[in-house]
Amino acid sequence: MLDIKFIRENPDIVKNALAAKNVDFDLDKFLSLDDERRALIKKIDELRNRKNVANDEVKNIIKDKGNAGPKIEKMREISNELDNLEKGFKDIKNNFDRDILRIPNIPHFSVPKGGVSNNKIVKERGEFRNFGFKPATHIDISDYLGIIDFKRASKICGANFSLFKAKGAFLVRALINFMLDVHTKEHNYIEIWPPYIVNRASMTATGQLPKLEDDMYRLKDEDYFLIPTAEVPITNMHRSEVIDEDNLPVSYVGYTACFRREAGSYGKGTRGLVRVHQFDKVELVKIVKPQGSYDELESLLADACSIIERLQIPYRVVMLAEGDLSFAAAKCYDIEIYAPGINKWLEVSSCSNFEDFQARRGSIKYKDKKTGRLNFVHTLNGSGVALARLIIAILENYQQKDGTVEIPKVLRRYFDGEERIKK
């Protein structure tokens with residue numbers, strides 16, 4: 001959420017952000033609503049003050065045994081006017097509170113202008129493998145090895161779900177443990193195992209609601225949601241809290257399953273594990289002071305990239321242009337890995353700085369030790385990394401001519417030293 005004072009003083013900047021992020025929102029109408037809201041607040045405060053003065057006068061008249069009737073009648077008139085204004089103000093405030101949540105974050109000045117075509121590749125690492133044979137897709141590889149069963153997953157639930165078995169399940173568990181070990185033991189993140197269900201306030205604080213509600217799984221009988229990412233419960237650990245300045249920055253890592261409806265975004269190019277409704281992810285979350293948040297973004301990005309580098313998979317880092325940024329992000333890097341079987345670059349992490357956008361929505365602050373002032377923190381997150389597409393890249397990059405898959409060296413200790421996944 002943006003500061004309303006910033007919106008009032010910088011309408012052109014906000015309008016540019018709305019246009020850049022393709023958000024249809026009438027800012028002039030919203031600012032008129034804000035003017036009406038503030039005028040009502042002023043009028044209500046004046047009437048409350050007049051009511052308090054009249055109440056004191058009535059008490060004094062009664063104390064002096066005088067005739068308080070006229071004053072009581074005047075106070076009754078003020079009370080009636082105040083009641084009517086407060087009823088009208090309630091509707092205006094509800095509309096204001098609803099509409100301010102529809103305004104996206106402002107892109108950072110370093111972000112490329114334009115849409116997806118203006119995304120900028122800022123880093124490329126790893127060598128493309130020369131197979132000597134036509135690489136198979138992860139669907140064919142997993143079917144041959146018997147490690148992912150898409151048909152039974154579809155029977156159990158529906159399309160775009162997956163069921164890992166045997167060494168496929170081993171691979172999922174190995175990757176989760178590997179990433180958690182690296183981030184906790186080497187990168188000094190605090191591990192969190194959060195709930196997979198959150199309330200509406202939590203989803204609103206991190207920016208999924210109200211904009212993305214149709215993409216979320218909501219429980220039928222309660223206003224709860226299955227989490228789309230661990231970002232939501234982990235960031236909301238500190239909702240409505242003041243964090244000790246000495247404890248900043250805070251770095252958290254957590255594994256969760258993630259759930260996304262993403263209605264209408266599936267098709268022939270999203271078969272297998274490319275786009276699924278449930279997937280596993282190790283998430284990185286940082287809560288920091290504003291002064292160093294962009295240095296922290298680069299650090300978070302490096303931590304996520306280190307996972308791909310250790311797995312020795314070709315990858316690239318893309319700085320997203322304004323039109324490709326999420327609603328809540330001020331700046332974002334995508335990490336994409338190469339899958340030779342399907343011949344695609346696949347996003348496995350988005351590392352974002354939200355500045356104080358989420359902190360304002362969730363009222364997450366810290367107290368400055370020098371000034372004693374309460375300031376909003378900056379929040380950041382990124383996948384460290386998402387498993388479904390990572391498994392695609394591992395199977396397709398490490399496949400062998402005989403149909404087996406070599407196990408990346410950093411994962412072999414989780415496989416009791418085995419070097420290949422065999423039929």
# chains A, B, ... in the order shown; residues from 1 in each chain; ligands from 1

$ closest_atom_pairs --of "range 279-378 of chain A" --to "range 198-221 of chain A" --cutoff "6 Å" --atoms "only C-alpha atoms" --output "Markdown table"
| residue | atom | partner | partner_atom | distance |
| --- | --- | --- | --- | --- |
| A:Ala328 | CA | A:Gly207 | CA | 6.0 |
| A:Gln358 | CA | A:Thr206 | CA | 5.2 |
| A:Arg361 | CA | A:Ala205 | CA | 4.7 |
| A:Gly362 | CA | A:Ala205 | CA | 4.6 |

$ residues_around --residues "range 39-50 of chain A" --least-positions-apart "6" --cutoff "7 Å" --atoms "only C-alpha atoms" --output "NGL selection string"
:A and (78 or 82 or 85 or 89)

$ write_last_selection --atoms "C-alpha atoms" --output "PDB file, in the first residue's frame"
ATOM      1  CA  ILE A  78     -25.153  18.581  17.388  1.00  0.00           C
ATOM      2  CA  LEU A  82     -22.754  14.119  14.177  1.00  0.00           C
ATOM      3  CA  LEU A  85     -22.064  12.535   9.332  1.00  0.00           C
ATOM      4  CA  PHE A  89     -18.265   8.761   6.738  1.00  0.00           C
TER       5      PHE A  89
END

$ closest_residue --among "A:Arg38, A:Lys289, A:His138, A:His183" --to "Tyr398 in chain A" --atoms "only C-alpha atoms"
A:His138

$ atom_distance --atom1 "CA of Val377 in chain A" --atom2 "CA of Tyr189 in chain A"
18.0 Å

$ select_by_dssp --residues "range 68-192 of chain A" --states "helix (DSSP H, G or I)" --output "count of residues only"
69

$ select_by_dssp --residues "range 239-350 of chain A" --states "strand (DSSP E or B)" --output "PyMOL selection string"
chain A and resi 241-243+250-259+278-288+315-319+331-339+344-350

$ write_last_selection --atoms "N, CA and C atoms" --output "short mmCIF file (atom, residue, chain, number, x, y, z; two decimals), in the first residue's frame"
data_model
loop_
_atom_site.label_atom_id
_atom_site.label_comp_id
_atom_site.auth_asym_id
_atom_site.auth_seq_id
_atom_site.Cartn_x
_atom_site.Cartn_y
_atom_site.Cartn_z
N GLU A 241 3.30 -5.68 14.22
CA GLU A 241 4.36 -5.73 15.23
C GLU A 241 5.39 -4.63 15.01
N VAL A 242 6.09 -4.29 16.09
CA VAL A 242 7.25 -3.40 16.02
C VAL A 242 8.48 -4.25 16.33
N ILE A 243 9.38 -4.35 15.36
CA ILE A 243 10.57 -5.18 15.50
C ILE A 243 11.70 -4.36 16.10
N VAL A 250 16.20 -9.36 9.34
CA VAL A 250 15.76 -10.71 9.66
C VAL A 250 15.71 -11.50 8.36
N SER A 251 16.30 -12.69 8.36
CA SER A 251 16.29 -13.54 7.17
C SER A 251 15.65 -14.89 7.51
N TYR A 252 14.58 -15.22 6.80
CA TYR A 252 13.86 -16.47 7.04
C TYR A 252 13.89 -17.34 5.79
N VAL A 253 13.87 -18.66 6.01
CA VAL A 253 13.70 -19.61 4.92
C VAL A 253 12.66 -20.63 5.36
N GLY A 254 11.80 -21.01 4.43
CA GLY A 254 10.78 -22.00 4.78
C GLY A 254 10.38 -22.83 3.58
N TYR A 255 10.19 -24.12 3.83
CA TYR A 255 9.63 -25.00 2.80
C TYR A 255 8.12 -25.10 2.99
N THR A 256 7.37 -25.01 1.91
CA THR A 256 5.95 -25.32 1.94
C THR A 256 5.52 -25.88 0.59
N ALA A 257 4.40 -26.56 0.60
CA ALA A 257 3.68 -26.76 -0.65
C ALA A 257 2.99 -25.44 -0.98
N CYS A 258 2.75 -25.20 -2.28
CA CYS A 258 2.12 -23.96 -2.72
C CYS A 258 0.94 -24.32 -3.63
N PHE A 259 -0.11 -23.50 -3.58
CA PHE A 259 -1.35 -23.83 -4.29
C PHE A 259 -1.83 -22.62 -5.10
N GLN A 278 -0.37 -27.45 -7.66
CA GLN A 278 0.31 -27.65 -6.37
C GLN A 278 1.77 -27.95 -6.65
N PHE A 279 2.66 -27.22 -5.98
CA PHE A 279 4.09 -27.47 -6.17
C PHE A 279 4.82 -27.16 -4.87
N ASP A 280 6.04 -27.67 -4.78
CA ASP A 280 6.86 -27.46 -3.58
C ASP A 280 7.85 -26.33 -3.82
N LYS A 281 8.14 -25.59 -2.75
CA LYS A 281 9.03 -24.44 -2.91
C LYS A 281 9.73 -24.14 -1.59
N VAL A 282 10.99 -23.79 -1.70
CA VAL A 282 11.73 -23.25 -0.57
C VAL A 282 11.80 -21.74 -0.78
N GLU A 283 11.27 -20.99 0.18
CA GLU A 283 11.13 -19.54 0.02
C GLU A 283 12.08 -18.79 0.95
N LEU A 284 12.63 -17.69 0.45
CA LEU A 284 13.50 -16.80 1.22
C LEU A 284 12.75 -15.50 1.48
N VAL A 285 12.72 -15.04 2.73
CA VAL A 285 12.06 -13.80 3.09
C VAL A 285 13.01 -12.96 3.94
N LYS A 286 13.12 -11.67 3.59
CA LYS A 286 13.95 -10.76 4.38
C LYS A 286 13.11 -9.57 4.83
N ILE A 287 13.30 -9.17 6.07
CA ILE A 287 12.69 -7.96 6.63
C ILE A 287 13.83 -7.07 7.09
N VAL A 288 13.92 -5.88 6.50
CA VAL A 288 15.14 -5.08 6.65
C VAL A 288 14.79 -3.61 6.86
N TYR A 315 21.73 -21.20 -16.33
CA TYR A 315 20.68 -20.29 -15.89
C TYR A 315 21.00 -18.87 -16.32
N ARG A 316 19.99 -18.03 -16.24
CA ARG A 316 20.17 -16.61 -16.50
C ARG A 316 19.31 -15.81 -15.53
N VAL A 317 19.70 -14.57 -15.28
CA VAL A 317 18.95 -13.68 -14.40
C VAL A 317 18.39 -12.55 -15.26
N VAL A 318 17.09 -12.32 -15.11
CA VAL A 318 16.40 -11.31 -15.91
C VAL A 318 15.82 -10.24 -14.98
N MET A 319 16.19 -8.98 -15.25
CA MET A 319 15.57 -7.88 -14.53
C MET A 319 14.27 -7.52 -15.25
N LYS A 331 10.91 -3.78 -7.56
CA LYS A 331 11.97 -4.28 -8.46
C LYS A 331 12.01 -5.79 -8.31
N CYS A 332 12.28 -6.48 -9.42
CA CYS A 332 12.27 -7.94 -9.38
C CYS A 332 13.25 -8.51 -10.38
N TYR A 333 13.97 -9.54 -9.94
CA TYR A 333 14.81 -10.36 -10.82
C TYR A 333 14.18 -11.74 -10.92
N ASP A 334 14.04 -12.25 -12.13
CA ASP A 334 13.65 -13.64 -12.33
C ASP A 334 14.89 -14.48 -12.61
N ILE A 335 14.96 -15.66 -11.98
CA ILE A 335 16.00 -16.64 -12.32
C ILE A 335 15.35 -17.68 -13.22
N GLU A 336 15.93 -17.86 -14.40
CA GLU A 336 15.41 -18.83 -15.36
C GLU A 336 16.45 -19.90 -15.65
N ILE A 337 16.01 -21.15 -15.68
CA ILE A 337 16.93 -22.26 -15.96
C ILE A 337 16.53 -22.90 -17.29
N TYR A 338 17.52 -23.52 -17.94
CA TYR A 338 17.26 -24.05 -19.27
C TYR A 338 16.91 -25.54 -19.21
N ALA A 339 15.84 -25.90 -19.92
CA ALA A 339 15.40 -27.29 -20.03
C ALA A 339 15.53 -27.73 -21.48
N LYS A 344 13.13 -24.87 -23.44
CA LYS A 344 12.55 -23.65 -22.86
C LYS A 344 13.37 -23.16 -21.68
N TRP A 345 13.33 -21.84 -21.50
CA TRP A 345 13.82 -21.24 -20.26
C TRP A 345 12.64 -21.21 -19.28
N LEU A 346 12.87 -21.68 -18.07
CA LEU A 346 11.80 -21.80 -17.08
C LEU A 346 12.12 -20.97 -15.85
N GLU A 347 11.19 -20.14 -15.46
CA GLU A 347 11.39 -19.34 -14.25
C GLU A 347 11.27 -20.23 -13.01
N VAL A 348 12.27 -20.18 -12.13
CA VAL A 348 12.23 -20.94 -10.88
C VAL A 348 12.31 -20.05 -9.65
N SER A 349 12.51 -18.75 -9.88
CA SER A 349 12.55 -17.83 -8.74
C SER A 349 12.29 -16.41 -9.20
N SER A 350 11.53 -15.68 -8.40
CA SER A 350 11.39 -14.24 -8.58
C SER A 350 11.85 -13.59 -7.28
#

$ closest_residue --among "A:Arg275, A:Lys51, A:Arg413, A:Lys74" --to "Asn177 in chain A" --atoms "only C-alpha atoms"
A:Arg413

$ decode --residues "range 154-193 of chain A" --atoms "N, CA and C atoms" --output "PDB file, in the first residue's frame"
ATOM      1  N   SER A 154      -3.975 -37.141 -11.968  1.00  0.00           N
ATOM      2  CA  SER A 154      -5.192 -36.609 -12.573  1.00  0.00           C
ATOM      3  C   SER A 154      -6.423 -37.355 -12.065  1.00  0.00           C
ATOM      4  N   LYS A 155      -6.284 -38.676 -11.878  1.00  0.00           N
ATOM      5  CA  LYS A 155      -7.396 -39.481 -11.360  1.00  0.00           C
ATOM      6  C   LYS A 155      -7.730 -39.081  -9.927  1.00  0.00           C
ATOM      7  N   ILE A 156      -6.692 -38.853  -9.131  1.00  0.00           N
ATOM      8  CA  ILE A 156      -6.888 -38.507  -7.724  1.00  0.00           C
ATOM      9  C   ILE A 156      -7.536 -37.134  -7.578  1.00  0.00           C
ATOM     10  N   CYS A 157      -7.071 -36.181  -8.395  1.00  0.00           N
ATOM     11  CA  CYS A 157      -7.534 -34.807  -8.219  1.00  0.00           C
ATOM     12  C   CYS A 157      -8.054 -34.194  -9.514  1.00  0.00           C
ATOM     13  N   GLY A 158      -7.192 -34.068 -10.511  1.00  0.00           N
ATOM     14  CA  GLY A 158      -7.587 -33.442 -11.765  1.00  0.00           C
ATOM     15  C   GLY A 158      -6.353 -33.095 -12.571  1.00  0.00           C
ATOM     16  N   ALA A 159      -6.549 -32.372 -13.655  1.00  0.00           N
ATOM     17  CA  ALA A 159      -5.439 -32.021 -14.535  1.00  0.00           C
ATOM     18  C   ALA A 159      -4.475 -31.062 -13.842  1.00  0.00           C
ATOM     19  N   ASN A 160      -3.206 -31.123 -14.283  1.00  0.00           N
ATOM     20  CA  ASN A 160      -2.142 -30.237 -13.805  1.00  0.00           C
ATOM     21  C   ASN A 160      -1.792 -30.446 -12.329  1.00  0.00           C
ATOM     22  N   PHE A 161      -1.851 -31.696 -11.918  1.00  0.00           N
ATOM     23  CA  PHE A 161      -1.301 -32.115 -10.637  1.00  0.00           C
ATOM     24  C   PHE A 161      -0.279 -33.212 -10.923  1.00  0.00           C
ATOM     25  N   SER A 162       0.595 -33.474  -9.957  1.00  0.00           N
ATOM     26  CA  SER A 162       1.638 -34.480 -10.162  1.00  0.00           C
ATOM     27  C   SER A 162       1.721 -35.409  -8.960  1.00  0.00           C
ATOM     28  N   LEU A 163       2.185 -36.625  -9.211  1.00  0.00           N
ATOM     29  CA  LEU A 163       2.375 -37.618  -8.163  1.00  0.00           C
ATOM     30  C   LEU A 163       3.772 -38.207  -8.327  1.00  0.00           C
ATOM     31  N   PHE A 164       4.655 -37.890  -7.396  1.00  0.00           N
ATOM     32  CA  PHE A 164       6.031 -38.413  -7.439  1.00  0.00           C
ATOM     33  C   PHE A 164       6.081 -39.737  -6.686  1.00  0.00           C
ATOM     34  N   LYS A 165       6.850 -40.683  -7.210  1.00  0.00           N
ATOM     35  CA  LYS A 165       6.981 -41.964  -6.525  1.00  0.00           C
ATOM     36  C   LYS A 165       8.399 -42.498  -6.684  1.00  0.00           C
ATOM     37  N   ALA A 166       8.736 -43.460  -5.809  1.00  0.00           N
ATOM     38  CA  ALA A 166      10.050 -44.109  -5.831  1.00  0.00           C
ATOM     39  C   ALA A 166      11.151 -43.039  -5.823  1.00  0.00           C
ATOM     40  N   LYS A 167      12.097 -43.106  -6.756  1.00  0.00           N
ATOM     41  CA  LYS A 167      13.212 -42.161  -6.763  1.00  0.00           C
ATOM     42  C   LYS A 167      12.771 -40.744  -7.112  1.00  0.00           C
ATOM     43  N   GLY A 168      11.589 -40.613  -7.710  1.00  0.00           N
ATOM     44  CA  GLY A 168      11.047 -39.276  -7.934  1.00  0.00           C
ATOM     45  C   GLY A 168      10.735 -38.592  -6.619  1.00  0.00           C
ATOM     46  N   ALA A 169      10.130 -39.335  -5.685  1.00  0.00           N
ATOM     47  CA  ALA A 169       9.856 -38.798  -4.354  1.00  0.00           C
ATOM     48  C   ALA A 169      11.161 -38.532  -3.611  1.00  0.00           C
ATOM     49  N   PHE A 170      12.153 -39.420  -3.817  1.00  0.00           N
ATOM     50  CA  PHE A 170      13.480 -39.199  -3.230  1.00  0.00           C
ATOM     51  C   PHE A 170      14.049 -37.862  -3.707  1.00  0.00           C
ATOM     52  N   LEU A 171      13.892 -37.595  -5.012  1.00  0.00           N
ATOM     53  CA  LEU A 171      14.450 -36.380  -5.597  1.00  0.00           C
ATOM     54  C   LEU A 171      13.806 -35.134  -4.995  1.00  0.00           C
ATOM     55  N   VAL A 172      12.489 -35.165  -4.818  1.00  0.00           N
ATOM     56  CA  VAL A 172      11.803 -34.039  -4.189  1.00  0.00           C
ATOM     57  C   VAL A 172      12.353 -33.799  -2.781  1.00  0.00           C
ATOM     58  N   ARG A 173      12.429 -34.866  -1.991  1.00  0.00           N
ATOM     59  CA  ARG A 173      12.902 -34.738  -0.609  1.00  0.00           C
ATOM     60  C   ARG A 173      14.366 -34.298  -0.557  1.00  0.00           C
ATOM     61  N   ALA A 174      15.165 -34.820  -1.472  1.00  0.00           N
ATOM     62  CA  ALA A 174      16.582 -34.454  -1.510  1.00  0.00           C
ATOM     63  C   ALA A 174      16.751 -32.972  -1.817  1.00  0.00           C
ATOM     64  N   LEU A 175      16.005 -32.473  -2.776  1.00  0.00           N
ATOM     65  CA  LEU A 175      16.121 -31.061  -3.143  1.00  0.00           C
ATOM     66  C   LEU A 175      15.685 -30.147  -2.006  1.00  0.00           C
ATOM     67  N   ILE A 176      14.597 -30.495  -1.337  1.00  0.00           N
ATOM     68  CA  ILE A 176      14.136 -29.680  -0.209  1.00  0.00           C
ATOM     69  C   ILE A 176      15.203 -29.636   0.882  1.00  0.00           C
ATOM     70  N   ASN A 177      15.710 -30.797   1.257  1.00  0.00           N
ATOM     71  CA  ASN A 177      16.719 -30.847   2.320  1.00  0.00           C
ATOM     72  C   ASN A 177      18.008 -30.139   1.907  1.00  0.00           C
ATOM     73  N   PHE A 178      18.409 -30.327   0.655  1.00  0.00           N
ATOM     74  CA  PHE A 178      19.616 -29.667   0.156  1.00  0.00           C
ATOM     75  C   PHE A 178      19.489 -28.144   0.254  1.00  0.00           C
ATOM     76  N   MET A 179      18.384 -27.611  -0.223  1.00  0.00           N
ATOM     77  CA  MET A 179      18.218 -26.152  -0.218  1.00  0.00           C
ATOM     78  C   MET A 179      18.107 -25.602   1.195  1.00  0.00           C
ATOM     79  N   LEU A 180      17.360 -26.286   2.055  1.00  0.00           N
ATOM     80  CA  LEU A 180      17.256 -25.829   3.445  1.00  0.00           C
ATOM     81  C   LEU A 180      18.607 -25.888   4.143  1.00  0.00           C
ATOM     82  N   ASP A 181      19.368 -26.927   3.877  1.00  0.00           N
ATOM     83  CA  ASP A 181      20.703 -27.037   4.485  1.00  0.00           C
ATOM     84  C   ASP A 181      21.608 -25.887   4.051  1.00  0.00           C
ATOM     85  N   VAL A 182      21.611 -25.584   2.761  1.00  0.00           N
ATOM     86  CA  VAL A 182      22.468 -24.499   2.254  1.00  0.00           C
ATOM     87  C   VAL A 182      22.056 -23.162   2.862  1.00  0.00           C
ATOM     88  N   HIS A 183      20.756 -22.869   2.850  1.00  0.00           N
ATOM     89  CA  HIS A 183      20.300 -21.547   3.295  1.00  0.00           C
ATOM     90  C   HIS A 183      20.406 -21.366   4.809  1.00  0.00           C
ATOM     91  N   THR A 184      20.250 -22.439   5.574  1.00  0.00           N
ATOM     92  CA  THR A 184      20.351 -22.294   7.035  1.00  0.00           C
ATOM     93  C   THR A 184      21.798 -22.368   7.519  1.00  0.00           C
ATOM     94  N   LYS A 185      22.578 -23.294   6.960  1.00  0.00           N
ATOM     95  CA  LYS A 185      23.931 -23.532   7.468  1.00  0.00           C
ATOM     96  C   LYS A 185      24.980 -22.610   6.857  1.00  0.00           C
ATOM     97  N   GLU A 186      24.749 -22.170   5.625  1.00  0.00           N
ATOM     98  CA  GLU A 186      25.748 -21.335   4.964  1.00  0.00           C
ATOM     99  C   GLU A 186      25.299 -19.885   4.795  1.00  0.00           C
ATOM    100  N   HIS A 187      24.016 -19.678   4.521  1.00  0.00           N
ATOM    101  CA  HIS A 187      23.523 -18.319   4.286  1.00  0.00           C
ATOM    102  C   HIS A 187      22.866 -17.703   5.518  1.00  0.00           C
ATOM    103  N   ASN A 188      22.793 -18.473   6.604  1.00  0.00           N
ATOM    104  CA  ASN A 188      22.331 -17.972   7.912  1.00  0.00           C
ATOM    105  C   ASN A 188      20.882 -17.499   7.943  1.00  0.00           C
ATOM    106  N   TYR A 189      20.014 -18.178   7.213  1.00  0.00           N
ATOM    107  CA  TYR A 189      18.585 -17.917   7.323  1.00  0.00           C
ATOM    108  C   TYR A 189      18.017 -18.733   8.488  1.00  0.00           C
ATOM    109  N   ILE A 190      16.977 -18.192   9.120  1.00  0.00           N
ATOM    110  CA  ILE A 190      16.268 -18.884  10.191  1.00  0.00           C
ATOM    111  C   ILE A 190      15.160 -19.719   9.554  1.00  0.00           C
ATOM    112  N   GLU A 191      15.129 -21.019   9.848  1.00  0.00           N
ATOM    113  CA  GLU A 191      14.135 -21.875   9.208  1.00  0.00           C
ATOM    114  C   GLU A 191      12.774 -21.745   9.887  1.00  0.00           C
ATOM    115  N   ILE A 192      11.741 -21.667   9.057  1.00  0.00           N
ATOM    116  CA  ILE A 192      10.352 -21.572   9.506  1.00  0.00           C
ATOM    117  C   ILE A 192       9.552 -22.685   8.843  1.00  0.00           C
ATOM    118  N   TRP A 193       8.667 -23.306   9.608  1.00  0.00           N
ATOM    119  CA  TRP A 193       7.726 -24.280   9.041  1.00  0.00           C
ATOM    120  C   TRP A 193       6.325 -23.726   9.311  1.00  0.00           C
TER     121      TRP A 193
END
